[in-house]
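A.B. asks: So here's query_37.cif, just mmCIF, C-alpha atoms, pLDDT in the B column; chains and numbers go by the auth columns:
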data_protein
loop_
_atom_site.group_PDB
_atom_site.id
_atom_site.type_symbol
_atom_site.label_atom_id
_atom_site.label_comp_id
_atom_site.label_asym_id
_atom_site.label_seq_id
_atom_site.Cartn_x
_atom_site.Cartn_y
_atom_site.Cartn_z
_atom_site.B_iso_or_equiv
_atom_site.auth_seq_id
_atom_site.auth_asym_id
ATOM 1 C CA MET A 1 -18.716 8.386 -43.614 60.00 1 A
ATOM 2 C CA ASP A 2 -19.318 4.945 -45.125 68.00 2 A
ATOM 3 C CA PHE A 3 -17.383 3.288 -42.308 70.00 3 A
ATOM 4 C CA LEU A 4 -20.104 4.403 -39.864 71.00 4 A
ATOM 5 C CA SER A 5 -22.614 2.145 -41.602 75.00 5 A
ATOM 6 C CA ASP A 6 -20.578 -0.810 -40.318 79.00 6 A
ATOM 7 C CA PHE A 7 -21.409 0.272 -36.780 82.00 7 A
ATOM 8 C CA MET A 8 -25.171 0.740 -37.200 86.00 8 A
ATOM 9 C CA VAL A 9 -27.334 -1.852 -35.472 91.00 9 A
ATOM 10 C CA PRO A 10 -30.757 -2.173 -37.150 92.00 10 A
ATOM 11 C CA VAL A 11 -32.579 -3.047 -33.921 95.00 11 A
ATOM 12 C CA VAL A 12 -31.165 0.011 -32.154 95.00 12 A
ATOM 13 C CA VAL A 13 -31.947 2.245 -35.149 94.00 13 A
ATOM 14 C CA GLY A 14 -35.543 0.995 -35.211 94.00 14 A
ATOM 15 C CA ILE A 15 -36.129 1.458 -31.497 96.00 15 A
ATOM 16 C CA CYS A 16 -34.542 4.916 -31.488 96.00 16 A
ATOM 17 C CA LEU A 17 -36.585 5.886 -34.549 93.00 17 A
ATOM 18 C CA CYS A 18 -39.840 4.886 -32.887 93.00 18 A
ATOM 19 C CA VAL A 19 -38.960 6.563 -29.577 95.00 19 A
ATOM 20 C CA GLY A 20 -37.890 9.741 -31.381 93.00 20 A
ATOM 21 C CA PHE A 21 -41.138 9.744 -33.336 89.00 21 A
ATOM 22 C CA ILE A 22 -43.179 9.325 -30.164 92.00 22 A
ATOM 23 C CA VAL A 23 -41.268 12.074 -28.376 93.00 23 A
ATOM 24 C CA LYS A 24 -41.764 14.457 -31.309 89.00 24 A
ATOM 25 C CA LYS A 25 -45.486 13.760 -31.634 86.00 25 A
ATOM 26 C CA TRP A 26 -46.586 13.277 -28.030 90.00 26 A
ATOM 27 C CA VAL A 27 -44.273 15.239 -25.735 89.00 27 A
ATOM 28 C CA ASN A 28 -44.922 18.938 -26.293 85.00 28 A
ATOM 29 C CA ASP A 29 -42.542 20.233 -23.629 87.00 29 A
ATOM 30 C CA ILE A 30 -39.400 18.917 -25.390 87.00 30 A
ATOM 31 C CA ASP A 31 -37.824 21.123 -28.042 89.00 31 A
ATOM 32 C CA ASN A 32 -36.919 19.361 -31.313 88.00 32 A
ATOM 33 C CA LYS A 33 -33.237 20.185 -30.845 91.00 33 A
ATOM 34 C CA TYR A 34 -33.087 17.757 -27.898 94.00 34 A
ATOM 35 C CA ILE A 35 -34.423 14.735 -29.785 93.00 35 A
ATOM 36 C CA PRO A 36 -31.019 13.762 -31.310 94.00 36 A
ATOM 37 C CA THR A 37 -29.516 13.859 -27.826 95.00 37 A
ATOM 38 C CA ILE A 38 -32.317 11.687 -26.432 96.00 38 A
ATOM 39 C CA VAL A 39 -32.025 9.049 -29.163 96.00 39 A
ATOM 40 C CA SER A 40 -28.213 9.098 -28.977 96.00 40 A
ATOM 41 C CA ILE A 41 -28.276 8.347 -25.265 97.00 41 A
ATOM 42 C CA LEU A 42 -30.932 5.688 -25.832 97.00 42 A
ATOM 43 C CA GLY A 43 -28.801 4.206 -28.620 97.00 43 A
ATOM 44 C CA ILE A 44 -25.797 3.953 -26.305 97.00 44 A
ATOM 45 C CA ILE A 45 -27.895 2.294 -23.598 97.00 45 A
ATOM 46 C CA LEU A 46 -29.428 -0.204 -26.040 97.00 46 A
ATOM 47 C CA ALA A 47 -26.095 -1.042 -27.682 96.00 47 A
ATOM 48 C CA THR A 48 -24.516 -1.565 -24.265 96.00 48 A
ATOM 49 C CA TRP A 49 -27.419 -3.787 -23.209 96.00 49 A
ATOM 50 C CA MET A 50 -27.105 -5.848 -26.402 95.00 50 A
ATOM 51 C CA ASN A 51 -23.407 -6.385 -25.642 93.00 51 A
ATOM 52 C CA THR A 52 -24.045 -7.750 -22.144 92.00 52 A
ATOM 53 C CA TRP A 53 -23.472 -4.383 -20.494 94.00 53 A
ATOM 54 C CA GLN A 54 -19.893 -4.025 -21.727 94.00 54 A
ATOM 55 C CA LEU A 55 -19.133 -0.465 -22.784 94.00 55 A
ATOM 56 C CA THR A 56 -16.266 -0.405 -25.255 95.00 56 A
ATOM 57 C CA PRO A 57 -15.420 2.302 -27.806 95.00 57 A
ATOM 58 C CA GLU A 58 -16.989 0.159 -30.542 95.00 58 A
ATOM 59 C CA VAL A 59 -20.203 -0.249 -28.569 95.00 59 A
ATOM 60 C CA LEU A 60 -20.273 3.492 -27.830 96.00 60 A
ATOM 61 C CA LEU A 61 -19.807 4.308 -31.523 95.00 61 A
ATOM 62 C CA SER A 62 -22.450 1.805 -32.610 95.00 62 A
ATOM 63 C CA GLY A 63 -24.945 3.268 -30.146 95.00 63 A
ATOM 64 C CA LEU A 64 -24.238 6.838 -31.204 95.00 64 A
ATOM 65 C CA ALA A 65 -24.254 6.025 -34.930 94.00 65 A
ATOM 66 C CA SER A 66 -27.480 4.050 -34.631 95.00 66 A
ATOM 67 C CA GLY A 67 -29.222 6.703 -32.543 94.00 67 A
ATOM 68 C CA LEU A 68 -28.220 9.529 -34.847 93.00 68 A
ATOM 69 C CA ALA A 69 -29.079 7.497 -37.956 92.00 69 A
ATOM 70 C CA SER A 70 -32.592 7.215 -36.600 93.00 70 A
ATOM 71 C CA THR A 71 -32.951 11.004 -36.693 90.00 71 A
ATOM 72 C CA GLY A 72 -31.969 10.963 -40.358 86.00 72 A
ATOM 73 C CA MET A 73 -34.456 8.201 -41.089 88.00 73 A
ATOM 74 C CA TYR A 74 -37.242 10.130 -39.394 82.00 74 A
ATOM 75 C CA GLU A 75 -38.178 11.985 -42.589 79.00 75 A
ATOM 76 C CA LEU A 76 -38.597 8.733 -44.515 83.00 76 A
ATOM 77 C CA PHE A 77 -40.572 7.235 -41.635 75.00 77 A
ATOM 78 C CA ARG A 78 -42.785 10.333 -41.390 77.00 78 A
ATOM 79 C CA GLN A 79 -43.566 10.290 -45.109 82.00 79 A
ATOM 80 C CA TYR A 80 -44.482 6.604 -44.913 81.00 80 A
ATOM 81 C CA ILE A 81 -46.751 7.022 -41.864 76.00 81 A
ATOM 82 C CA GLU A 82 -48.345 10.370 -42.724 76.00 82 A
ATOM 83 C CA LYS A 83 -49.362 9.819 -46.345 74.00 83 A
ATOM 84 C CA ASP A 84 -52.071 12.199 -47.527 58.00 84 A
#
Any chance you could give the structure as structure tokens?

C.D. replies:
Amino acid sequence: MDFLSDFMVPVVVGICLCVGFIVKKWVNDIDNKYIPTIVSILGIILATWMNTWQLTPEVLLSGLASGLASTGMYELFRQYIEKD
């Protein structure tokens, strides 16, 4: 799994993390199980945009890895934002 860290793009992870957080907190009609799908698709779109709209397997993997990494980072982000 360490090889996936080579494909993570910090900008995409950050944007997906923030969008996922907003969706979780502000959109009540979306079930939590759909948030990884939403941020994965967003990650693919952002990674493709950053690579001048060229979709290659590497770009697809970097978008997916970055989007899904943002769901894992959500807990850390939540603890930082929602301190008691």

A.B. asks: I'd like the interatomic distance between CA of Gly67 in chain A and CA of Trp53 in chain A, to a tenth of an Å.

C.D. replies: 17.4 Å

A.B. asks: Using all atoms listed in the file, which residues sit within 12 Å of Gly72 in chain A once same-chain residues fewer than 3 positions away are excluded, as a PyMOL selection string?

C.D. replies: chain A and resi 13-14+16-17+20-21+35-36+39+65-69+75-78

A.B. asks: Any chance you could work out the residue set of the PyMOL selection byres ((chain A and resi 48) around 12) here, as a PyMOL selection string?

C.D. replies: chain A and resi 9+12+41-47+49-64

A.B. asks: Those residues you just picked out, can you put them in a file as a tab-separated table (two decimals), in the frame of the given file with C-alpha atoms?

C.D. replies:
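The new file out-v5.tsv reads:
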chain	number	residue	atom	x	y	z
A	9	VAL	CA	-27.33	-1.85	-35.47
A	12	VAL	CA	-31.16	0.01	-32.15
A	41	ILE	CA	-28.28	8.35	-25.26
A	42	LEU	CA	-30.93	5.69	-25.83
A	43	GLY	CA	-28.80	4.21	-28.62
A	44	ILE	CA	-25.80	3.95	-26.30
A	45	ILE	CA	-27.90	2.29	-23.60
A	46	LEU	CA	-29.43	-0.20	-26.04
A	47	ALA	CA	-26.10	-1.04	-27.68
A	49	TRP	CA	-27.42	-3.79	-23.21
A	50	MET	CA	-27.10	-5.85	-26.40
A	51	ASN	CA	-23.41	-6.38	-25.64
A	52	THR	CA	-24.04	-7.75	-22.14
A	53	TRP	CA	-23.47	-4.38	-20.49
A	54	GLN	CA	-19.89	-4.03	-21.73
A	55	LEU	CA	-19.13	-0.46	-22.78
A	56	THR	CA	-16.27	-0.40	-25.26
A	57	PRO	CA	-15.42	2.30	-27.81
A	58	GLU	CA	-16.99	0.16	-30.54
A	59	VAL	CA	-20.20	-0.25	-28.57
A	60	LEU	CA	-20.27	3.49	-27.83
A	61	LEU	CA	-19.81	4.31	-31.52
A	62	SER	CA	-22.45	1.80	-32.61
A	63	GLY	CA	-24.94	3.27	-30.15
A	64	LEU	CA	-24.24	6.84	-31.20

A.B. asks: Can you sort out the box for range 61-75 of chain A, edges along x, y and z, all listed atoms in, 4 Å on every side, with centre and edge lengths in Å to one decimal, as lines of an AutoDock Vina configuration file?

C.D. replies:
center_x = -29.0
center_y = 6.9
center_z = -36.4
size_x = 26.4
size_y = 18.2
size_z = 20.4

A.B. asks: So the first atom is CA of Lys25 in chain A and the second is CA of Ser40 in chain A; what is the distance between them in Å, to one decimal place?

C.D. replies: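 Here the two named atoms are 18.1 Å from each other.
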
A.B. asks: Measure the distance from CA of Pro10 in chain A to CA of Asp31 in chain A in Å and round it to one decimal.

C.D. replies: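 These two atoms are separated by 26.0 Å.
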